[in-house]
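Engineer: My questions will all concern the structure given below.
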Amino acid sequence: KFLAPAKSCCCSGSGSANSAPRKADPNARYICPMCPGVSSIGPSDCPKCGMALEPEEAGAIDDDSELIDMTRRFVVSLVLVVPLFIISMGSMIPGNPIARIIPQNVARWLELVLATPVVAGLGLTFFKRAWRSIATFNLNMFTLIGIGTGAAFIYSVVALVSPGIFPDSFRHHGELPLYFESAAVIIALVMLGQVLELRARKRTGAAMRELMNLAPMTALIVRPDGDHEVPLAEVAVGDILRVRPGTSVPTDGLVTEGHGSVDESMISGEPVPVEKNVGDAVTGATINHSGAFLMQATKVGDETVLSQILKLVTDAQRSRAPIQRLADSVAGYFVPVVVSVAIIAFLVWAFFGPEPRLAFALVNAVAVLIIACPCALGLATPMSITVGIGRGATEGVLIRDAEALETLARVNTIVVDKTGTLTEGRPSVTATHAEPPYSDAEIIMLAAAVEQNSEHPLAAAIVRAAKDYSNTPLPEAAAFVAAPGGGVTAIVKGHQVHVGSIHYLTESNVVELESLTSNTANLLTSGGSVAAVAIDNKAAGLISITDPIKATTAEAVNSLHALGLKIHMLTGDNQAAASHVATTLGINNVMANVSPEEKYNQVQSLCNAGHVVAMAGDGINDAPALAAAHVGIAMGTGTDAAMASAGVTLVKGDLRGIAKACTLSRATMRNIRQNLFFAFVYNSLGIPIAAGILYPFTGWLLNPMIAAAAMSLSSVSVISNALRLRRARI
């Protein structure tokens with residue numbers, strides 16, 4: 001005869017498996033994950049819903065003390081409830097063997113002894129939350145649980161202690177019915193629901209805990225008197241740290257000496273280790289598989305990539321989506337309506353029901369309160385949001401808040417920057433043309449020898465290309481002269497080498513330029529820049545330098561098109577480069593030579609035209625447009641300004657992450673709608689049945705315990721459905 005196990009609803013009492021730290025910090029800020037704006041210094045209970053506040057920082061995310069406590073409560077209650085249930089239901093067993101062992105008058109008192117520790121002891125926290133919800137008029141599932149089980153238990157105590165005060169209409173076969181087992185079983189089922197939810201929440205944070213466990217506890221700091229192992233908290237920006245093979249990188253920094261092969265799968269998802277050399281950035285908690293290097297710490301503590309990822313995901317999981325606010329609003333009206341229905345059911349049965357009328361009235365009123373517990377409704381959105389955001393984090397898609405996740409599902413237009421988003425963002429030599437008798441390698445090596453003295457961005461690309469051709473040091477260049485806007489010249493191995501534009505070589509009296517001129521036109525169609533090379537005043541070759549399209553971009557664009565999204569490219573680069581990239585990738589909407597302000601205006605224009613816009617970019621110049629879009633998507637390889645303006649960050653900087661994010665958001669919103677359907681349909685059907693609407697036609701009544709079990713199944717179905725997102729293909 002009992003209530004459905006109450007899982008946490010909009011003001012769930014369970015909190016999360018990681019709610020409180022193992023050692024509570026009295027100076028830390030604690031918040032209520034279900035009641036926005038509620039916070040306190042030090043651990044306490046929420047003044048609105050009564051649930052335990054949890055630490056605002058992500059550092060205590062692996063604490064499972066509440067799960068352990070609730071599991072213990074459930075096990076103890078189960079030990080008491082099983083014999084209580086057997087004793088109370090003995091008359092339903094053929095031959096009633098229980099009555100032969102325990103006399104009826106003793107059994108009734110034994111029920112009180114077994115039920116009291118469960119209801120008034122182990123379940124006392126639920127009644128405290130029910131009272132607080134009534135006192136603050138923040139009605140929730142505990143309101144219904146408290147009223148329903150409290151009424152059943154108090155009535156049973158009074159009926160046992162003072163049976164004479166009740167009229168005969170309450171009696172059944174001369175005895176007053178008792179509902180000790182109903183109250184106790186409901187409390188036990190509520191605890192079971194809490195345990196299941198806490199376990200589910202704990203699983204959703206598994207990826208975060210795994211990331212946290214990757215961070216080393218100590219670092220090997222290099223000092224004048226040798227290496228010293230120190231706690232990670234003592235490392236400061238600027239410290240030189242040693243990273244040995246097989247150890248974790250202690251914090252974010254730059255390689256200053258040596259090299260290593262680093263597994264960055266925790267942030268990129270790619271299992272292949274990345275080679276790190278002098279000047280390369282390394283991320284704290286990644287694993288150095290081979291090689292050894294020194295690094296200079298550039299970010300420590302809360303500033304590291306790992307800490308920022310953890311904070312971002314934790315904040316996002318606690319945020320509330322617009323659809324969740326709708327569910328909360330419905331729940332706010334739902335509880336008073338349910339209480340009203342329970343009162344009406346009681347009155348109807350008390351005045352018009354069969355004998356014993358008052359007993360039937362009490363049972364059906366309690367059944368209404370129990371089966372209507374809006375726990376599934378309260379779980380529907382937060383569980384899906386929590387699982388969805390955690391799933392995204394494992395794929396390198398960091399979602400800032402629930403609203404961004406919900407909005408992303410409605411996006412129909414993607415606006416992308418070119419440089420650093422579609423392309424590598426770093427000029428590279430993509431083609432060469434050598435005039436006989438020179439080879440491509442000779443052209444590159446001689447040009448690089450000259451350009452190693454230049455600060456021009458294209459010069460660095462030529463020098464990098466030379467290193468790819470040969471590991472031998474570049475020859476020295478003498479008599480270096482630079483002509484701003486034109487080119488450079490120097491003496492290399494006794495030869496006069498010019499590198500620059502055709503116009504520069506013409507002015508430098510270089511001969512036989514006709515072939516270079518015709519080939520330059522061909523190379524320029526790729527949208528890059530072309531450097532001409534002359535040796536001893538004679539044309540020798542051409543070097544084409546472009547910002548290459550990322551290897552994964554074409555696949556990403558195809559995936560976005562497959563999702564039905566329109567793609568617009570806005571870039572500050574020239575029209576030729578923009579057209580080349582757009583044509584290669586199949587992007588039809590292109591605007592080149594746009595300023596940051598024009599990007600912002602164009603995004604606003606699309607939004608005003610009714611498009612739901614997501615903007616993807618990586619630079620400071622993209623920050624205004626990212627903020628103007630419905631959802632900003634920042635490349636994790638980009639600037640802090642871009643990431644600060646975005647609702648979604650792609651850790652790896654891979655555009656395929658946009659398709660993953662869109663697919664994940666759509667799956668999450670579909671999951672939420674399924675959960676809300678389960679919750680609303682269940683309550684819509686369950687309440688009238690519990691009130692006894694079928695009794696005149698079928699003679700069916702809903703036992704409160706059956707109502708409790710059914711309510712438990714409804715919450716379990718919501719949790720199970722939400723957890724399916726962990727296996728979603730994105």
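Chain identifiers are assigned as A, B, and so on, following the order in which chains appear in the structure tokens; residues are numbered from 1 within each chain, and ligands are numbered from 1 in order of appearance.
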Near Asn588 in chain A, counting only C-alpha atoms, which residues have an atom at most 8 Å away, once you skip same-chain residues fewer than 5 positions from it, shown as JSON, numbers by chain?

Structural biologist: {"A": [567, 568, 582, 583]}

Engineer: Would you export the selected residues with N, CA, C and O atoms as a PDB file, in the first residue's frame, please?

Structural biologist:
```pdb
ATOM      1  N   ILE A 567      26.191  26.756 -43.736  1.00  0.00           N
ATOM      2  CA  ILE A 567      27.497  27.231 -43.283  1.00  0.00           C
ATOM      3  C   ILE A 567      27.848  28.539 -43.977  1.00  0.00           C
ATOM      4  O   ILE A 567      27.787  28.653 -45.205  1.00  0.00           O
ATOM      5  N   HIS A 568      28.220  29.546 -43.187  1.00  0.00           N
ATOM      6  CA  HIS A 568      28.694  30.833 -43.692  1.00  0.00           C
ATOM      7  C   HIS A 568      30.136  31.016 -43.231  1.00  0.00           C
ATOM      8  O   HIS A 568      30.442  30.782 -42.060  1.00  0.00           O
ATOM      9  N   ALA A 582      36.748  28.044 -49.570  1.00  0.00           N
ATOM     10  CA  ALA A 582      35.314  27.795 -49.675  1.00  0.00           C
ATOM     11  C   ALA A 582      35.000  26.816 -50.801  1.00  0.00           C
ATOM     12  O   ALA A 582      34.172  25.910 -50.636  1.00  0.00           O
ATOM     13  N   THR A 583      35.660  27.002 -51.944  1.00  0.00           N
ATOM     14  CA  THR A 583      35.429  26.109 -53.082  1.00  0.00           C
ATOM     15  C   THR A 583      35.869  24.689 -52.755  1.00  0.00           C
ATOM     16  O   THR A 583      35.184  23.711 -53.080  1.00  0.00           O
TER      17      THR A 583
END
```

Engineer: If we count only C-alpha atoms and set the cut-off at 12 Å, which residues sit around Glu442 in chain A, ignoring sequence neighbours fewer than 2 positions away in its own chain? Please answer as a short mmCIF file (atom, residue, chain, number, x, y, z; two decimals) with all heavy atoms, in the first residue's frame.

Structural biologist:
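Okay, this is what ended up in result15.cif:
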```
data_model
loop_
_atom_site.label_atom_id
_atom_site.label_comp_id
_atom_site.auth_asym_id
_atom_site.auth_seq_id
_atom_site.Cartn_x
_atom_site.Cartn_y
_atom_site.Cartn_z
N THR A 432 56.34 23.92 -54.45
CA THR A 432 57.57 24.57 -54.93
C THR A 432 57.70 24.33 -56.43
O THR A 432 57.12 23.39 -56.99
CB THR A 432 58.82 23.99 -54.22
OG1 THR A 432 58.85 22.57 -54.44
CG2 THR A 432 58.80 24.28 -52.73
N HIS A 433 58.45 25.23 -57.07
CA HIS A 433 58.76 25.09 -58.50
C HIS A 433 60.22 25.50 -58.69
O HIS A 433 60.60 26.63 -58.38
CB HIS A 433 57.86 25.97 -59.35
CG HIS A 433 58.33 26.09 -60.77
ND1 HIS A 433 58.16 25.08 -61.69
CD2 HIS A 433 58.99 27.11 -61.42
CE1 HIS A 433 58.69 25.45 -62.85
NE2 HIS A 433 59.19 26.68 -62.72
N ALA A 434 61.03 24.56 -59.12
CA ALA A 434 62.46 24.82 -59.31
C ALA A 434 62.81 24.85 -60.78
O ALA A 434 62.36 24.00 -61.57
CB ALA A 434 63.29 23.76 -58.59
N GLU A 435 63.60 25.87 -61.18
CA GLU A 435 64.11 25.95 -62.55
C GLU A 435 65.41 25.16 -62.63
O GLU A 435 66.23 25.21 -61.71
CB GLU A 435 64.37 27.42 -62.92
CG GLU A 435 63.12 28.29 -63.01
CD GLU A 435 62.31 27.98 -64.25
OE1 GLU A 435 62.90 27.53 -65.25
OE2 GLU A 435 61.08 28.16 -64.22
N PRO A 436 65.59 24.39 -63.73
CA PRO A 436 66.87 23.68 -63.88
C PRO A 436 68.04 24.65 -63.83
O PRO A 436 67.89 25.80 -64.28
CB PRO A 436 66.74 23.03 -65.27
CG PRO A 436 65.26 23.00 -65.53
CD PRO A 436 64.70 24.20 -64.85
N PRO A 437 69.13 24.29 -63.21
CA PRO A 437 69.50 22.94 -62.74
C PRO A 437 69.20 22.73 -61.27
O PRO A 437 69.73 21.79 -60.66
CB PRO A 437 71.00 22.93 -62.99
CG PRO A 437 71.42 24.34 -62.68
CD PRO A 437 70.30 25.22 -63.16
N TYR A 438 68.38 23.58 -60.65
CA TYR A 438 68.16 23.49 -59.21
C TYR A 438 67.04 22.50 -58.89
O TYR A 438 66.12 22.27 -59.69
CB TYR A 438 67.82 24.86 -58.64
CG TYR A 438 68.90 25.89 -58.90
CD1 TYR A 438 68.72 26.89 -59.86
CD2 TYR A 438 70.09 25.85 -58.19
CE1 TYR A 438 69.70 27.82 -60.11
CE2 TYR A 438 71.08 26.79 -58.43
CZ TYR A 438 70.89 27.78 -59.40
OH TYR A 438 71.88 28.70 -59.64
N SER A 439 67.12 21.93 -57.68
CA SER A 439 66.06 21.04 -57.19
C SER A 439 65.21 21.80 -56.17
O SER A 439 65.59 22.86 -55.67
CB SER A 439 66.67 19.80 -56.51
OG SER A 439 67.38 20.18 -55.33
N ASP A 440 64.06 21.21 -55.84
CA ASP A 440 63.18 21.83 -54.84
C ASP A 440 63.91 21.97 -53.50
O ASP A 440 63.78 23.00 -52.82
CB ASP A 440 61.92 20.98 -54.64
CG ASP A 440 60.99 21.04 -55.85
OD1 ASP A 440 61.17 21.94 -56.69
OD2 ASP A 440 60.07 20.19 -55.93
N ILE A 444 64.61 25.50 -51.41
CA ILE A 444 64.12 25.68 -50.04
C ILE A 444 65.27 25.98 -49.08
O ILE A 444 65.19 26.91 -48.25
CB ILE A 444 63.35 24.43 -49.57
CG1 ILE A 444 62.01 24.31 -50.30
CG2 ILE A 444 63.11 24.47 -48.06
CD1 ILE A 444 60.99 25.35 -49.90
N MET A 445 66.36 25.22 -49.18
CA MET A 445 67.47 25.38 -48.23
C MET A 445 68.13 26.75 -48.38
O MET A 445 68.44 27.42 -47.38
CB MET A 445 68.50 24.27 -48.44
CG MET A 445 67.99 22.87 -48.10
SD MET A 445 67.44 22.70 -46.38
CE MET A 445 69.03 22.77 -45.53
N LEU A 446 68.35 27.18 -49.61
CA LEU A 446 68.99 28.48 -49.82
C LEU A 446 68.07 29.62 -49.38
O LEU A 446 68.52 30.60 -48.76
CB LEU A 446 69.38 28.64 -51.28
CG LEU A 446 70.56 27.77 -51.76
CD1 LEU A 446 70.73 27.87 -53.27
CD2 LEU A 446 71.85 28.18 -51.06
N ALA A 447 66.78 29.49 -49.71
CA ALA A 447 65.83 30.54 -49.30
C ALA A 447 65.73 30.60 -47.78
O ALA A 447 65.68 31.69 -47.19
CB ALA A 447 64.47 30.27 -49.91
N ALA A 448 65.72 29.43 -47.13
CA ALA A 448 65.62 29.40 -45.67
C ALA A 448 66.86 30.00 -45.02
O ALA A 448 66.77 30.65 -43.97
CB ALA A 448 65.42 27.97 -45.20
N ALA A 449 68.03 29.78 -45.63
CA ALA A 449 69.26 30.34 -45.08
C ALA A 449 69.18 31.86 -45.03
O ALA A 449 69.64 32.51 -44.08
CB ALA A 449 70.46 29.89 -45.91
N ALA A 465 59.95 24.55 -43.39
CA ALA A 465 59.96 23.62 -44.53
C ALA A 465 61.36 23.07 -44.76
O ALA A 465 61.55 21.89 -45.08
CB ALA A 465 59.45 24.31 -45.78
N ALA A 466 62.38 23.92 -44.60
CA ALA A 466 63.76 23.48 -44.79
C ALA A 466 64.13 22.41 -43.78
O ALA A 466 64.84 21.44 -44.10
CB ALA A 466 64.70 24.68 -44.67
N TYR A 469 62.94 19.13 -44.89
CA TYR A 469 63.76 18.53 -45.96
C TYR A 469 65.02 17.89 -45.39
O TYR A 469 65.49 16.86 -45.88
CB TYR A 469 64.14 19.59 -46.99
CG TYR A 469 63.12 19.76 -48.10
CD1 TYR A 469 62.20 20.80 -48.08
CD2 TYR A 469 63.10 18.89 -49.19
CE1 TYR A 469 61.27 20.97 -49.08
CE2 TYR A 469 62.17 19.04 -50.20
CZ TYR A 469 61.25 20.09 -50.15
OH TYR A 469 60.34 20.24 -51.16
N SER A 470 65.61 18.51 -44.40
CA SER A 470 66.89 18.02 -43.89
C SER A 470 67.06 18.45 -42.44
O SER A 470 66.65 19.54 -42.04
CB SER A 470 68.05 18.58 -44.73
OG SER A 470 69.29 18.24 -44.15
N LEU A 474 71.09 24.96 -41.13
CA LEU A 474 71.07 25.85 -42.28
C LEU A 474 72.42 26.55 -42.42
O LEU A 474 73.06 26.91 -41.42
CB LEU A 474 69.96 26.90 -42.11
CG LEU A 474 68.52 26.38 -42.15
CD1 LEU A 474 67.56 27.52 -41.82
CD2 LEU A 474 68.20 25.80 -43.51
N PRO A 475 72.89 26.77 -43.65
CA PRO A 475 74.15 27.49 -43.84
C PRO A 475 74.02 28.94 -43.39
O PRO A 475 72.93 29.50 -43.35
CB PRO A 475 74.38 27.39 -45.35
CG PRO A 475 73.04 27.14 -45.94
CD PRO A 475 72.30 26.34 -44.93
N VAL A 492 74.93 33.38 -49.52
CA VAL A 492 74.91 32.05 -48.93
C VAL A 492 75.83 31.15 -49.73
O VAL A 492 75.65 30.97 -50.94
CB VAL A 492 73.48 31.47 -48.93
CG1 VAL A 492 73.47 30.09 -48.27
CG2 VAL A 492 72.51 32.40 -48.21
N VAL A 497 71.68 35.40 -53.09
CA VAL A 497 70.34 34.81 -53.10
C VAL A 497 69.31 35.89 -52.80
O VAL A 497 69.43 36.61 -51.81
CB VAL A 497 70.22 33.67 -52.07
CG1 VAL A 497 68.81 33.07 -52.12
CG2 VAL A 497 71.27 32.59 -52.32
N VAL A 533 62.52 33.02 -55.96
CA VAL A 533 63.90 32.85 -55.54
C VAL A 533 64.83 33.04 -56.74
O VAL A 533 64.57 32.49 -57.82
CB VAL A 533 64.14 31.46 -54.92
CG1 VAL A 533 65.59 31.32 -54.46
CG2 VAL A 533 63.17 31.23 -53.75
N ALA A 534 65.88 33.83 -56.54
CA ALA A 534 66.89 34.02 -57.60
C ALA A 534 68.26 33.74 -57.01
O ALA A 534 68.54 34.06 -55.85
CB ALA A 534 66.82 35.44 -58.13
N ILE A 535 69.09 33.10 -57.80
CA ILE A 535 70.46 32.79 -57.37
C ILE A 535 71.41 33.43 -58.38
O ILE A 535 71.32 33.18 -59.58
CB ILE A 535 70.69 31.27 -57.30
CG1 ILE A 535 69.69 30.64 -56.30
CG2 ILE A 535 72.12 30.94 -56.90
CD1 ILE A 535 69.73 29.13 -56.26
N ALA A 540 65.49 31.21 -60.17
CA ALA A 540 65.79 29.83 -59.78
C ALA A 540 64.55 29.03 -59.38
O ALA A 540 64.55 27.81 -59.48
CB ALA A 540 66.79 29.83 -58.62
N GLY A 541 63.50 29.70 -58.91
CA GLY A 541 62.34 28.91 -58.51
C GLY A 541 61.30 29.71 -57.76
O GLY A 541 61.46 30.91 -57.52
N LEU A 542 60.23 29.03 -57.38
CA LEU A 542 59.12 29.64 -56.65
C LEU A 542 58.76 28.79 -55.44
O LEU A 542 58.89 27.55 -55.46
CB LEU A 542 57.88 29.76 -57.55
CG LEU A 542 57.99 30.64 -58.80
CD1 LEU A 542 56.77 30.44 -59.69
CD2 LEU A 542 58.13 32.10 -58.40
N ILE A 543 58.31 29.46 -54.39
CA ILE A 543 57.85 28.77 -53.18
C ILE A 543 56.45 29.29 -52.86
O ILE A 543 56.26 30.49 -52.65
CB ILE A 543 58.78 29.01 -51.99
CG1 ILE A 543 60.20 28.53 -52.30
CG2 ILE A 543 58.25 28.33 -50.73
CD1 ILE A 543 61.22 28.90 -51.23
#
```

Engineer: Extract, using only C-alpha atoms, all DNA, RNA and protein residues at most 9 Å from Trp349 in chain A, discarding same-chain residues fewer than 2 positions from it, and format them as a ChimeraX atom specification.

Structural biologist: /A:344-347,351-354,357-362,364,692

Engineer: Please produce a file of those selected residues containing N, CA, C and O atoms, as a PDB file, in the first residue's frame.

Structural biologist:
```
ATOM      1  N   ILE A 344      -9.815  16.000  -1.884  1.00  0.00           N
ATOM      2  CA  ILE A 344     -11.108  15.717  -2.520  1.00  0.00           C
ATOM      3  C   ILE A 344     -11.386  14.210  -2.504  1.00  0.00           C
ATOM      4  O   ILE A 344     -12.516  13.761  -2.207  1.00  0.00           O
ATOM      5  N   ALA A 345     -10.348  13.411  -2.827  1.00  0.00           N
ATOM      6  CA  ALA A 345     -10.516  11.953  -2.820  1.00  0.00           C
ATOM      7  C   ALA A 345     -10.902  11.465  -1.426  1.00  0.00           C
ATOM      8  O   ALA A 345     -11.775  10.594  -1.269  1.00  0.00           O
ATOM      9  N   PHE A 346     -10.257  12.041  -0.405  1.00  0.00           N
ATOM     10  CA  PHE A 346     -10.570  11.649   0.978  1.00  0.00           C
ATOM     11  C   PHE A 346     -12.030  11.961   1.300  1.00  0.00           C
ATOM     12  O   PHE A 346     -12.754  11.121   1.860  1.00  0.00           O
ATOM     13  N   LEU A 347     -12.466  13.165   0.942  1.00  0.00           N
ATOM     14  CA  LEU A 347     -13.830  13.571   1.269  1.00  0.00           C
ATOM     15  C   LEU A 347     -14.864  12.735   0.512  1.00  0.00           C
ATOM     16  O   LEU A 347     -15.892  12.322   1.086  1.00  0.00           O
ATOM     17  N   PHE A 351     -17.517  10.234   2.489  1.00  0.00           N
ATOM     18  CA  PHE A 351     -18.962  10.476   2.504  1.00  0.00           C
ATOM     19  C   PHE A 351     -19.751   9.529   1.597  1.00  0.00           C
ATOM     20  O   PHE A 351     -20.915   9.222   1.878  1.00  0.00           O
ATOM     21  N   PHE A 352     -19.097   9.088   0.511  1.00  0.00           N
ATOM     22  CA  PHE A 352     -19.862   8.310  -0.470  1.00  0.00           C
ATOM     23  C   PHE A 352     -19.305   6.895  -0.711  1.00  0.00           C
ATOM     24  O   PHE A 352     -19.899   6.126  -1.455  1.00  0.00           O
ATOM     25  N   GLY A 353     -18.177   6.553  -0.103  1.00  0.00           N
ATOM     26  CA  GLY A 353     -17.554   5.264  -0.348  1.00  0.00           C
ATOM     27  C   GLY A 353     -18.187   4.144   0.452  1.00  0.00           C
ATOM     28  O   GLY A 353     -18.996   4.375   1.354  1.00  0.00           O
ATOM     29  N   PRO A 354     -17.817   2.901   0.140  1.00  0.00           N
ATOM     30  CA  PRO A 354     -18.321   1.744   0.897  1.00  0.00           C
ATOM     31  C   PRO A 354     -17.642   1.665   2.268  1.00  0.00           C
ATOM     32  O   PRO A 354     -16.617   2.302   2.499  1.00  0.00           O
ATOM     33  N   ARG A 357     -15.646   3.406   5.325  1.00  0.00           N
ATOM     34  CA  ARG A 357     -15.434   4.572   4.482  1.00  0.00           C
ATOM     35  C   ARG A 357     -14.155   5.338   4.818  1.00  0.00           C
ATOM     36  O   ARG A 357     -13.382   5.703   3.935  1.00  0.00           O
ATOM     37  N   LEU A 358     -13.972   5.618   6.099  1.00  0.00           N
ATOM     38  CA  LEU A 358     -12.821   6.435   6.471  1.00  0.00           C
ATOM     39  C   LEU A 358     -11.496   5.721   6.192  1.00  0.00           C
ATOM     40  O   LEU A 358     -10.494   6.349   5.854  1.00  0.00           O
ATOM     41  N   ALA A 359     -11.483   4.407   6.346  1.00  0.00           N
ATOM     42  CA  ALA A 359     -10.274   3.650   6.038  1.00  0.00           C
ATOM     43  C   ALA A 359      -9.961   3.734   4.546  1.00  0.00           C
ATOM     44  O   ALA A 359      -8.811   3.963   4.134  1.00  0.00           O
ATOM     45  N   PHE A 360     -10.998   3.537   3.715  1.00  0.00           N
ATOM     46  CA  PHE A 360     -10.808   3.677   2.272  1.00  0.00           C
ATOM     47  C   PHE A 360     -10.364   5.095   1.910  1.00  0.00           C
ATOM     48  O   PHE A 360      -9.513   5.310   1.050  1.00  0.00           O
ATOM     49  N   ALA A 361     -10.968   6.073   2.570  1.00  0.00           N
ATOM     50  CA  ALA A 361     -10.630   7.473   2.288  1.00  0.00           C
ATOM     51  C   ALA A 361      -9.159   7.744   2.576  1.00  0.00           C
ATOM     52  O   ALA A 361      -8.461   8.396   1.784  1.00  0.00           O
ATOM     53  N   LEU A 362      -8.671   7.235   3.712  1.00  0.00           N
ATOM     54  CA  LEU A 362      -7.272   7.458   4.083  1.00  0.00           C
ATOM     55  C   LEU A 362      -6.325   6.770   3.103  1.00  0.00           C
ATOM     56  O   LEU A 362      -5.343   7.371   2.624  1.00  0.00           O
ATOM     57  N   ASN A 364      -6.776   5.826  -0.035  1.00  0.00           N
ATOM     58  CA  ASN A 364      -6.747   6.406  -1.379  1.00  0.00           C
ATOM     59  C   ASN A 364      -6.117   7.795  -1.404  1.00  0.00           C
ATOM     60  O   ASN A 364      -5.442   8.159  -2.370  1.00  0.00           O
ATOM     61  N   GLY A 692      -9.141   6.354  -7.129  1.00  0.00           N
ATOM     62  CA  GLY A 692     -10.214   5.359  -7.124  1.00  0.00           C
ATOM     63  C   GLY A 692     -11.235   5.526  -8.216  1.00  0.00           C
ATOM     64  O   GLY A 692     -12.360   5.013  -8.115  1.00  0.00           O
TER      65      GLY A 692
END
```

Engineer: Which residue, A:Val119, A:Val488, A:Leu713, A:Thr283, has the smallest gap to Thr298 in chain A when you use only C-alpha atoms?

Structural biologist: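 The shortest atom-to-atom distance to Thr298 in chain A comes from A:Thr283.
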